[in-house]
Amino acid sequence: MSDEPATGDDFVPAPRVDAGWLVCRRVEPGDADVVYEAIAASMEHLRPWMAWVEGYTPEKARGFVERNVARPGGSGVPEVSYLACDRDGRLLGMFGLHARLGPGALELGYWVDVRHTRRGVATLGAAALTELALDTPGVEVVEIHHDRANRASGAVPARLGYQLVATVDREVETPGEEGVELQWRTNRETWPVGAGARLLDEARAATV
Ligand SMILES: CC(C)(COP(=O)(O)OP(=O)(O)OC[C@H]1O[C@@H](n2cnc3c(N)ncnc32)[C@H](O)[C@@H]1OP(=O)(O)O)[C@@H](O)C(=O)NCCC(=O)NCCS
């Protein structure tokens with residue numbers, strides 16, 4: 001591979017990825033209201049696992065969108081957020097890629113609007129964002145980290161064929177956590193022959 005390795009704090013993400021009935025696209029100006037509405041409706045669902053939802057306000061949603069659009073497509077970012085939408089553009093959930101694991105690796109995070117859970121949004125969206133991440137110049141590895149008590153979150157990397165590579169004690173940050181973090185990993189070699197790539201193929205074929 002000819003690409004320079006990622007520095008560990010900046011990468012140039014693609015603007016969107018299509019995955020059949022699901023589309024993930026970067027945050028755009030004007031997204032603040034829909035982001036706020038989804039978080040407000042999902043507050044009790046997110047609170048056990050996501051520290052940042054406490055005291056969430058429309059102003060925080062506006063700040064989040066402003067930070068995301070401050071770096072236009074094509075420029076390097078230390079992290080990036082994607083809206084996962086259906087084909088009608090309805091927001092179903094959100095994903096983030098973060099360069100906080102060191103050179104060549106990105107961490108993938110997600111949450112799904114409580115009104116759209118148990119339909120495969122997290123699984124298919126995580127597959128799409130994994131593919132996008134591994135297509136990013138310099139990125140070799142993608143990891144998903146979650147607290148052991150968050151079984152719904154752990155089902156996602158397990159279904160996509162990520163490998164469980166570490167179990168580490170961590171400070172409890174949210175009411176649902178037990179303080180044991182499971183770390184899952186995939187890479188450029190294993191991803192294309194795994195369950196996640198097959199899921200993406202099937203989803204795309206079903207909507208052609
Ligand atoms: C975790 C989360 C993202 C899963 O989203 P989702 O779109 O419902 O997940 P999927 O539909 O792709 O489900 C994948 C599998 O996870 C498991 N799962 C999902 N929700 C579950 C739940 N509430 N209880 C038990 N298992 C669950 C199931 O095995 C499910 O497959 P199935 O529905 O065919 O049985 C969502 O519940 C969420 O937003 N949780 C709060 C935020 C969060 O925890 N984010 C991750 C932080 S590390």
# chains A, B, ... in the order shown; residues from 1 in each chain; ligands from 1

call {"tool": "residues_near_ligand", "arguments": {"ligand": "ligand 1", "cutoff": "8 Å", "atoms": "only C-alpha atoms and all ligand atoms", "output": "ChimeraX atom specification"}}
result
/A:45-50,93,109-114,116-124,144-147,150-156,159

call {"tool": "select_by_dssp", "arguments": {"residues": "stretch 49-149 of chain A", "states": "strand (DSSP E)", "output": "PyMOL selection string"}}
result
chain A and resi 79-86+91-98+105-112+141-147

call {"tool": "residues_around", "arguments": {"residues": "A:Leu132", "least_positions_apart": "6", "cutoff": "12 Å", "atoms": "only C-alpha atoms", "output": "JSON, numbers by chain"}}
result
{"A": [11, 12, 13, 14, 15, 16, 17, 18, 19, 23, 24, 25, 26, 80, 82, 95, 96, 97, 106, 108, 125, 126, 139, 140, 141, 142, 187, 188, 191, 197, 200]}

call {"tool": "write_last_selection", "arguments": {"atoms": "C-alpha atoms", "output": "tab-separated table (two decimals), in the first residue's frame"}}
result
chain	number	residue	atom	x	y	z
A	11	PHE	CA	-7.15	11.43	8.67
A	12	VAL	CA	-9.13	12.38	5.56
A	13	PRO	CA	-12.52	10.64	5.69
A	14	ALA	CA	-14.83	9.99	2.76
A	15	PRO	CA	-18.02	12.08	2.79
A	16	ARG	CA	-20.47	9.17	2.68
A	17	VAL	CA	-20.95	5.47	2.25
A	18	ASP	CA	-24.01	3.72	0.83
A	19	ALA	CA	-25.07	0.39	2.29
A	23	VAL	CA	-26.74	5.63	3.96
A	24	CYS	CA	-24.08	7.16	6.21
A	25	ARG	CA	-23.12	10.73	5.44
A	26	ARG	CA	-21.02	13.36	7.15
A	80	VAL	CA	-15.62	12.71	12.26
A	82	TYR	CA	-21.79	10.46	10.31
A	95	PHE	CA	-21.54	6.96	14.08
A	96	GLY	CA	-18.15	8.44	14.87
A	97	LEU	CA	-14.60	7.64	13.81
A	106	LEU	CA	-9.42	4.38	14.18
A	108	LEU	CA	-15.63	3.41	15.74
A	125	GLY	CA	-23.91	1.10	9.77
A	126	ALA	CA	-20.85	-0.21	11.59
A	139	VAL	CA	-5.74	3.42	8.12
A	140	GLU	CA	-4.97	-0.27	8.70
A	141	VAL	CA	-7.05	-1.13	11.76
A	142	VAL	CA	-10.52	-0.33	13.14
A	187	ASN	CA	-7.99	-4.85	9.74
A	188	ARG	CA	-7.45	-4.54	6.01
A	191	TRP	CA	-12.24	-7.45	6.93
A	197	ALA	CA	-18.15	-7.47	4.21
A	200	LEU	CA	-22.63	-5.16	3.12

call {"tool": "residues_around", "arguments": {"residues": "A:Ala32", "least_positions_apart": "4", "cutoff": "9 Å", "atoms": "only C-alpha atoms", "output": "PyMOL selection string"}}
result
chain A and resi 27-28+36-37+58-66

call {"tool": "write_last_selection", "arguments": {"atoms": "N, CA, C and O atoms", "output": "mmCIF file, in the first residue's frame"}}
result
data_model
loop_
_atom_site.group_PDB
_atom_site.id
_atom_site.type_symbol
_atom_site.label_atom_id
_atom_site.label_comp_id
_atom_site.auth_asym_id
_atom_site.auth_seq_id
_atom_site.Cartn_x
_atom_site.Cartn_y
_atom_site.Cartn_z
ATOM 1 N N VAL A 27 -21.873 14.881 8.786
ATOM 2 C CA VAL A 27 -22.738 15.935 9.313
ATOM 3 C C VAL A 27 -22.653 17.152 8.399
ATOM 4 O O VAL A 27 -21.578 17.501 7.911
ATOM 5 N N GLU A 28 -23.817 17.777 8.163
ATOM 6 C CA GLU A 28 -23.893 18.951 7.287
ATOM 7 C C GLU A 28 -24.506 20.126 8.045
ATOM 8 O O GLU A 28 -25.230 19.927 9.028
ATOM 9 N N TYR A 36 -30.613 16.978 17.556
ATOM 10 C CA TYR A 36 -31.133 17.239 18.904
ATOM 11 C C TYR A 36 -32.410 16.447 19.165
ATOM 12 O O TYR A 36 -32.579 15.832 20.228
ATOM 13 N N GLU A 37 -33.302 16.435 18.185
ATOM 14 C CA GLU A 37 -34.587 15.763 18.369
ATOM 15 C C GLU A 37 -34.388 14.263 18.626
ATOM 16 O O GLU A 37 -35.030 13.668 19.500
ATOM 17 N N PRO A 58 -30.293 22.062 22.739
ATOM 18 C CA PRO A 58 -30.191 22.446 21.315
ATOM 19 C C PRO A 58 -28.884 23.187 21.033
ATOM 20 O O PRO A 58 -28.302 23.037 19.948
ATOM 21 N N GLU A 59 -28.387 23.960 22.009
ATOM 22 C CA GLU A 59 -27.113 24.684 21.798
ATOM 23 C C GLU A 59 -25.965 23.694 21.639
ATOM 24 O O GLU A 59 -25.066 23.896 20.826
ATOM 25 N N LYS A 60 -25.989 22.619 22.452
ATOM 26 C CA LYS A 60 -24.920 21.619 22.316
ATOM 27 C C LYS A 60 -24.987 20.959 20.938
ATOM 28 O O LYS A 60 -23.950 20.667 20.338
ATOM 29 N N ALA A 61 -26.188 20.705 20.452
ATOM 30 C CA ALA A 61 -26.325 20.108 19.119
ATOM 31 C C ALA A 61 -25.778 21.061 18.054
ATOM 32 O O ALA A 61 -25.084 20.634 17.114
ATOM 33 N N ARG A 62 -26.045 22.347 18.217
ATOM 34 C CA ARG A 62 -25.524 23.322 17.243
ATOM 35 C C ARG A 62 -24.002 23.362 17.283
ATOM 36 O O ARG A 62 -23.328 23.419 16.250
ATOM 37 N N GLY A 63 -23.441 23.315 18.479
ATOM 38 C CA GLY A 63 -21.985 23.314 18.618
ATOM 39 C C GLY A 63 -21.361 22.074 17.997
ATOM 40 O O GLY A 63 -20.321 22.146 17.338
ATOM 41 N N PHE A 64 -22.024 20.945 18.188
ATOM 42 C CA PHE A 64 -21.552 19.686 17.606
ATOM 43 C C PHE A 64 -21.512 19.790 16.074
ATOM 44 O O PHE A 64 -20.527 19.421 15.434
ATOM 45 N N VAL A 65 -22.587 20.323 15.495
ATOM 46 C CA VAL A 65 -22.631 20.444 14.032
ATOM 47 C C VAL A 65 -21.565 21.439 13.559
ATOM 48 O O VAL A 65 -20.840 21.174 12.586
ATOM 49 N N GLU A 66 -21.434 22.550 14.257
ATOM 50 C CA GLU A 66 -20.425 23.550 13.849
ATOM 51 C C GLU A 66 -19.022 22.958 13.864
ATOM 52 O O GLU A 66 -18.237 23.191 12.954
#

call {"tool": "residues_around", "arguments": {"residues": "A:Gly179", "least_positions_apart": "2", "cutoff": "12 Å", "atoms": "only C-alpha atoms", "output": "list in words"}}
result
Trp49, His146, Asp147, Arg148, Ala149, Asn150, Thr167, Val168, Asp169, Arg170, Glu171, Val172, Glu173, Thr174, Pro175, Gly176, Glu177, Glu181 and Leu182 of chain A

call {"tool": "write_last_selection", "arguments": {"atoms": "all heavy atoms", "output": "short mmCIF file (atom, residue, chain, number, x, y, z; two decimals), in the first residue's frame"}}
result
data_model
loop_
_atom_site.label_atom_id
_atom_site.label_comp_id
_atom_site.auth_asym_id
_atom_site.auth_seq_id
_atom_site.Cartn_x
_atom_site.Cartn_y
_atom_site.Cartn_z
N TRP A 49 -25.18 4.63 28.90
CA TRP A 49 -23.93 4.30 28.20
C TRP A 49 -23.16 5.49 27.67
O TRP A 49 -21.99 5.35 27.32
CB TRP A 49 -24.25 3.38 27.00
CG TRP A 49 -25.11 2.24 27.37
CD1 TRP A 49 -26.41 2.01 27.00
CD2 TRP A 49 -24.77 1.15 28.26
NE1 TRP A 49 -26.88 0.86 27.57
CE2 TRP A 49 -25.90 0.31 28.34
CE3 TRP A 49 -23.62 0.81 28.96
CZ2 TRP A 49 -25.91 -0.84 29.12
CZ3 TRP A 49 -23.62 -0.35 29.73
CH2 TRP A 49 -24.76 -1.15 29.80
N HIS A 146 -16.33 -1.26 24.05
CA HIS A 146 -17.59 -1.06 24.79
C HIS A 146 -17.47 -1.66 26.17
O HIS A 146 -16.65 -2.58 26.40
CB HIS A 146 -18.76 -1.71 24.04
CG HIS A 146 -18.68 -3.21 23.98
ND1 HIS A 146 -19.27 -4.02 24.91
CD2 HIS A 146 -18.04 -4.03 23.12
CE1 HIS A 146 -19.00 -5.28 24.62
NE2 HIS A 146 -18.25 -5.32 23.53
N ASP A 147 -18.29 -1.17 27.07
CA ASP A 147 -18.30 -1.76 28.41
C ASP A 147 -18.92 -3.16 28.34
O ASP A 147 -19.87 -3.40 27.58
CB ASP A 147 -19.11 -0.87 29.36
CG ASP A 147 -18.94 -1.33 30.79
OD1 ASP A 147 -17.98 -0.86 31.44
OD2 ASP A 147 -19.75 -2.17 31.25
N ARG A 148 -18.40 -4.08 29.18
CA ARG A 148 -18.88 -5.47 29.13
C ARG A 148 -20.37 -5.57 29.41
O ARG A 148 -21.06 -6.46 28.89
CB ARG A 148 -18.09 -6.30 30.14
CG ARG A 148 -18.42 -7.78 30.08
CD ARG A 148 -17.39 -8.61 30.81
NE ARG A 148 -17.35 -8.28 32.24
CZ ARG A 148 -16.42 -8.74 33.07
NH1 ARG A 148 -15.46 -9.54 32.63
NH2 ARG A 148 -16.43 -8.42 34.35
N ALA A 149 -20.91 -4.66 30.23
CA ALA A 149 -22.34 -4.72 30.55
C ALA A 149 -23.21 -4.33 29.36
O ALA A 149 -24.41 -4.63 29.35
CB ALA A 149 -22.63 -3.80 31.73
N ASN A 150 -22.65 -3.69 28.37
CA ASN A 150 -23.42 -3.23 27.21
C ASN A 150 -23.45 -4.33 26.15
O ASN A 150 -22.75 -4.30 25.14
CB ASN A 150 -22.81 -1.94 26.65
CG ASN A 150 -23.75 -1.25 25.68
OD1 ASN A 150 -24.71 -1.84 25.20
ND2 ASN A 150 -23.46 0.02 25.38
N THR A 167 -9.39 -7.17 27.06
CA THR A 167 -10.38 -6.87 28.10
C THR A 167 -9.63 -6.10 29.17
O THR A 167 -8.70 -6.63 29.77
CB THR A 167 -10.97 -8.17 28.69
OG1 THR A 167 -11.55 -8.92 27.61
CG2 THR A 167 -12.04 -7.89 29.73
N VAL A 168 -10.02 -4.83 29.37
CA VAL A 168 -9.22 -3.99 30.28
C VAL A 168 -10.13 -3.30 31.30
O VAL A 168 -11.26 -2.91 30.98
CB VAL A 168 -8.41 -2.92 29.51
CG1 VAL A 168 -7.40 -3.56 28.59
CG2 VAL A 168 -9.33 -2.01 28.72
N ASP A 169 -9.62 -3.14 32.52
CA ASP A 169 -10.36 -2.39 33.53
C ASP A 169 -10.33 -0.91 33.16
O ASP A 169 -9.31 -0.40 32.68
CB ASP A 169 -9.72 -2.58 34.91
CG ASP A 169 -9.94 -4.00 35.42
OD1 ASP A 169 -10.88 -4.66 34.93
OD2 ASP A 169 -9.17 -4.43 36.30
N ARG A 170 -11.43 -0.25 33.39
CA ARG A 170 -11.55 1.17 33.04
C ARG A 170 -12.46 1.86 34.03
O ARG A 170 -13.37 1.22 34.59
CB ARG A 170 -12.15 1.27 31.63
CG ARG A 170 -11.56 2.34 30.76
CD ARG A 170 -12.49 2.64 29.62
NE ARG A 170 -13.82 3.00 30.10
CZ ARG A 170 -14.82 3.35 29.32
NH1 ARG A 170 -14.68 3.36 28.03
NH2 ARG A 170 -16.00 3.68 29.83
N GLU A 171 -12.24 3.15 34.18
CA GLU A 171 -13.08 3.91 35.10
C GLU A 171 -14.53 3.90 34.61
O GLU A 171 -14.78 4.07 33.42
CB GLU A 171 -12.57 5.35 35.12
CG GLU A 171 -12.94 6.13 36.36
CD GLU A 171 -12.32 7.51 36.35
OE1 GLU A 171 -11.12 7.60 36.00
OE2 GLU A 171 -13.03 8.47 36.66
N VAL A 172 -15.46 3.71 35.54
CA VAL A 172 -16.87 3.79 35.19
C VAL A 172 -17.24 5.24 34.91
O VAL A 172 -16.96 6.12 35.72
CB VAL A 172 -17.74 3.21 36.33
CG1 VAL A 172 -19.21 3.52 36.10
CG2 VAL A 172 -17.52 1.71 36.45
N GLU A 173 -17.89 5.49 33.76
CA GLU A 173 -18.25 6.87 33.39
C GLU A 173 -19.76 7.09 33.31
O GLU A 173 -20.22 8.23 33.31
CB GLU A 173 -17.63 7.23 32.02
CG GLU A 173 -16.11 7.34 32.07
CD GLU A 173 -15.51 7.63 30.70
OE1 GLU A 173 -16.25 7.55 29.69
OE2 GLU A 173 -14.31 7.90 30.64
N THR A 174 -20.51 6.01 33.17
CA THR A 174 -21.96 6.14 32.99
C THR A 174 -22.67 5.12 33.89
O THR A 174 -22.06 4.14 34.32
CB THR A 174 -22.35 5.89 31.51
OG1 THR A 174 -21.99 4.54 31.19
CG2 THR A 174 -21.66 6.86 30.58
N PRO A 175 -23.98 5.34 34.14
CA PRO A 175 -24.68 4.50 35.11
C PRO A 175 -24.74 3.01 34.74
O PRO A 175 -24.84 2.16 35.62
CB PRO A 175 -26.10 5.09 35.14
CG PRO A 175 -26.01 6.43 34.51
CD PRO A 175 -24.81 6.46 33.64
N GLY A 176 -24.70 2.68 33.45
CA GLY A 176 -24.85 1.27 33.06
C GLY A 176 -23.55 0.48 33.10
O GLY A 176 -23.57 -0.75 33.07
N GLU A 177 -22.43 1.16 33.15
CA GLU A 177 -21.15 0.48 32.96
C GLU A 177 -20.72 -0.29 34.21
O GLU A 177 -21.00 0.11 35.33
CB GLU A 177 -20.06 1.49 32.60
CG GLU A 177 -20.26 2.09 31.23
CD GLU A 177 -19.18 3.12 30.87
OE1 GLU A 177 -18.39 3.51 31.76
OE2 GLU A 177 -19.14 3.53 29.69
N GLU A 181 -13.79 -2.93 29.96
CA GLU A 181 -13.94 -2.58 28.55
C GLU A 181 -13.47 -3.74 27.66
O GLU A 181 -12.37 -4.25 27.83
CB GLU A 181 -13.11 -1.33 28.23
CG GLU A 181 -13.26 -0.90 26.78
CD GLU A 181 -12.54 0.41 26.52
OE1 GLU A 181 -11.32 0.36 26.20
OE2 GLU A 181 -13.16 1.46 26.65
N LEU A 182 -14.34 -4.11 26.72
CA LEU A 182 -13.96 -5.12 25.72
C LEU A 182 -13.53 -4.38 24.46
O LEU A 182 -14.19 -3.45 24.01
CB LEU A 182 -15.12 -6.06 25.40
CG LEU A 182 -15.76 -6.80 26.57
CD1 LEU A 182 -16.68 -7.91 26.06
CD2 LEU A 182 -14.71 -7.40 27.49
#

call {"tool": "select_by_dssp", "arguments": {"residues": "stretch 35-83 of chain A", "states": "alpha helix (DSSP H)", "output": "PyMOL selection string"}}
result
chain A and resi 35-41+43-46+58-69

call {"tool": "atom_distance", "arguments": {"atom1": "atom CA of A:Val69", "atom2": "atom CA of A:Arg115"}}
result
26.5 Å

call {"tool": "closest_residue", "arguments": {"among": "A:Gly30, A:Gly20, A:Pro72, A:Thr190", "to": "A:Ala205", "atoms": "only C-alpha atoms"}}
result
A:Gly20

call {"tool": "atom_distance", "arguments": {"atom1": "atom CA of A:Ala166", "atom2": "atom CA of A:Ala105"}}
result
15.2 Å

call {"tool": "atom_distance", "arguments": {"atom1": "atom CA of A:Ala41", "atom2": "atom CA of A:Leu129"}}
result
24.3 Å

call {"tool": "decode", "arguments": {"residues": "stretch 33-47 of chain A", "atoms": "all heavy atoms", "output": "compact mmCIF listing (two decimals), in the first residue's frame"}}
result
# COMPACT_ATOMS: atom_id res chain seq x y z
N ASP A 33 -31.02 20.49 14.36
CA ASP A 33 -32.36 20.25 14.90
C ASP A 33 -32.70 18.76 14.91
O ASP A 33 -33.23 18.23 15.88
CB ASP A 33 -33.42 21.02 14.10
CG ASP A 33 -33.36 22.51 14.38
OD1 ASP A 33 -32.64 22.91 15.32
OD2 ASP A 33 -34.03 23.27 13.66
N VAL A 34 -32.37 18.08 13.82
CA VAL A 34 -32.73 16.66 13.74
C VAL A 34 -31.86 15.83 14.69
O VAL A 34 -32.33 14.86 15.30
CB VAL A 34 -32.67 16.17 12.26
CG1 VAL A 34 -31.26 16.07 11.75
CG2 VAL A 34 -33.36 14.85 12.11
N VAL A 35 -30.61 16.24 14.86
CA VAL A 35 -29.73 15.55 15.82
C VAL A 35 -30.27 15.74 17.23
O VAL A 35 -30.39 14.79 18.01
CB VAL A 35 -28.28 16.06 15.69
CG1 VAL A 35 -27.43 15.60 16.86
CG2 VAL A 35 -27.66 15.61 14.37
N TYR A 36 -30.61 16.98 17.56
CA TYR A 36 -31.13 17.24 18.90
C TYR A 36 -32.41 16.45 19.17
O TYR A 36 -32.58 15.83 20.23
CB TYR A 36 -31.39 18.73 19.13
CG TYR A 36 -32.00 18.95 20.48
CD1 TYR A 36 -31.22 18.82 21.63
CD2 TYR A 36 -33.37 19.19 20.62
CE1 TYR A 36 -31.80 18.94 22.89
CE2 TYR A 36 -33.94 19.31 21.87
CZ TYR A 36 -33.15 19.19 23.00
OH TYR A 36 -33.71 19.30 24.24
N GLU A 37 -33.30 16.43 18.18
CA GLU A 37 -34.59 15.76 18.37
C GLU A 37 -34.39 14.26 18.63
O GLU A 37 -35.03 13.67 19.50
CB GLU A 37 -35.46 16.00 17.13
CG GLU A 37 -36.93 15.70 17.33
CD GLU A 37 -37.28 14.23 17.11
OE1 GLU A 37 -36.58 13.54 16.33
OE2 GLU A 37 -38.25 13.78 17.72
N ALA A 38 -33.46 13.65 17.89
CA ALA A 38 -33.21 12.21 18.06
C ALA A 38 -32.60 11.92 19.43
O ALA A 38 -32.96 10.94 20.10
CB ALA A 38 -32.28 11.71 16.95
N ILE A 39 -31.70 12.78 19.87
CA ILE A 39 -31.07 12.57 21.18
C ILE A 39 -32.09 12.79 22.30
O ILE A 39 -32.16 12.00 23.26
CB ILE A 39 -29.84 13.48 21.33
CG1 ILE A 39 -28.75 13.02 20.36
CG2 ILE A 39 -29.33 13.49 22.78
CD1 ILE A 39 -27.59 13.97 20.21
N ALA A 40 -32.89 13.83 22.16
CA ALA A 40 -33.89 14.12 23.20
C ALA A 40 -34.88 12.96 23.31
O ALA A 40 -35.24 12.54 24.42
CB ALA A 40 -34.61 15.42 22.87
N ALA A 41 -35.30 12.40 22.19
CA ALA A 41 -36.26 11.29 22.20
C ALA A 41 -35.62 10.02 22.76
O ALA A 41 -36.33 9.13 23.24
CB ALA A 41 -36.77 11.05 20.78
N SER A 42 -34.30 9.92 22.70
CA SER A 42 -33.59 8.69 23.08
C SER A 42 -32.88 8.82 24.42
O SER A 42 -32.06 7.95 24.77
CB SER A 42 -32.56 8.34 21.99
OG SER A 42 -33.16 8.20 20.73
N MET A 43 -33.16 9.89 25.15
CA MET A 43 -32.36 10.19 26.35
C MET A 43 -32.25 9.01 27.32
O MET A 43 -31.15 8.64 27.74
CB MET A 43 -32.98 11.41 27.05
CG MET A 43 -32.11 12.04 28.08
SD MET A 43 -30.53 12.59 27.44
CE MET A 43 -30.98 14.08 26.56
N GLU A 44 -33.37 8.40 27.67
CA GLU A 44 -33.32 7.30 28.66
C GLU A 44 -32.58 6.08 28.11
O GLU A 44 -31.99 5.31 28.85
CB GLU A 44 -34.73 6.93 29.11
CG GLU A 44 -35.46 8.05 29.83
CD GLU A 44 -34.56 8.73 30.89
OE1 GLU A 44 -33.94 8.01 31.69
OE2 GLU A 44 -34.48 9.97 30.88
N HIS A 45 -32.62 5.91 26.83
CA HIS A 45 -31.96 4.79 26.14
C HIS A 45 -30.43 5.01 26.10
O HIS A 45 -29.65 4.06 26.24
CB HIS A 45 -32.57 4.73 24.73
CG HIS A 45 -31.83 4.00 23.68
ND1 HIS A 45 -31.64 2.63 23.71
CD2 HIS A 45 -31.25 4.43 22.53
CE1 HIS A 45 -30.97 2.27 22.62
NE2 HIS A 45 -30.72 3.33 21.90
N LEU A 46 -30.03 6.27 25.96
CA LEU A 46 -28.59 6.57 25.82
C LEU A 46 -27.90 6.78 27.16
O LEU A 46 -26.71 6.49 27.30
CB LEU A 46 -28.41 7.83 24.95
CG LEU A 46 -28.95 7.75 23.51
CD1 LEU A 46 -28.78 9.10 22.81
CD2 LEU A 46 -28.23 6.66 22.73
N ARG A 47 -28.65 7.29 28.16
CA ARG A 47 -28.04 7.69 29.43
C ARG A 47 -27.20 6.59 30.10
O ARG A 47 -26.14 6.90 30.65
CB ARG A 47 -29.13 8.20 30.38
CG ARG A 47 -28.57 8.73 31.68
CD ARG A 47 -29.65 9.35 32.54
NE ARG A 47 -29.96 10.73 32.16
CZ ARG A 47 -31.18 11.19 31.92
NH1 ARG A 47 -32.21 10.38 32.00
NH2 ARG A 47 -31.36 12.44 31.61
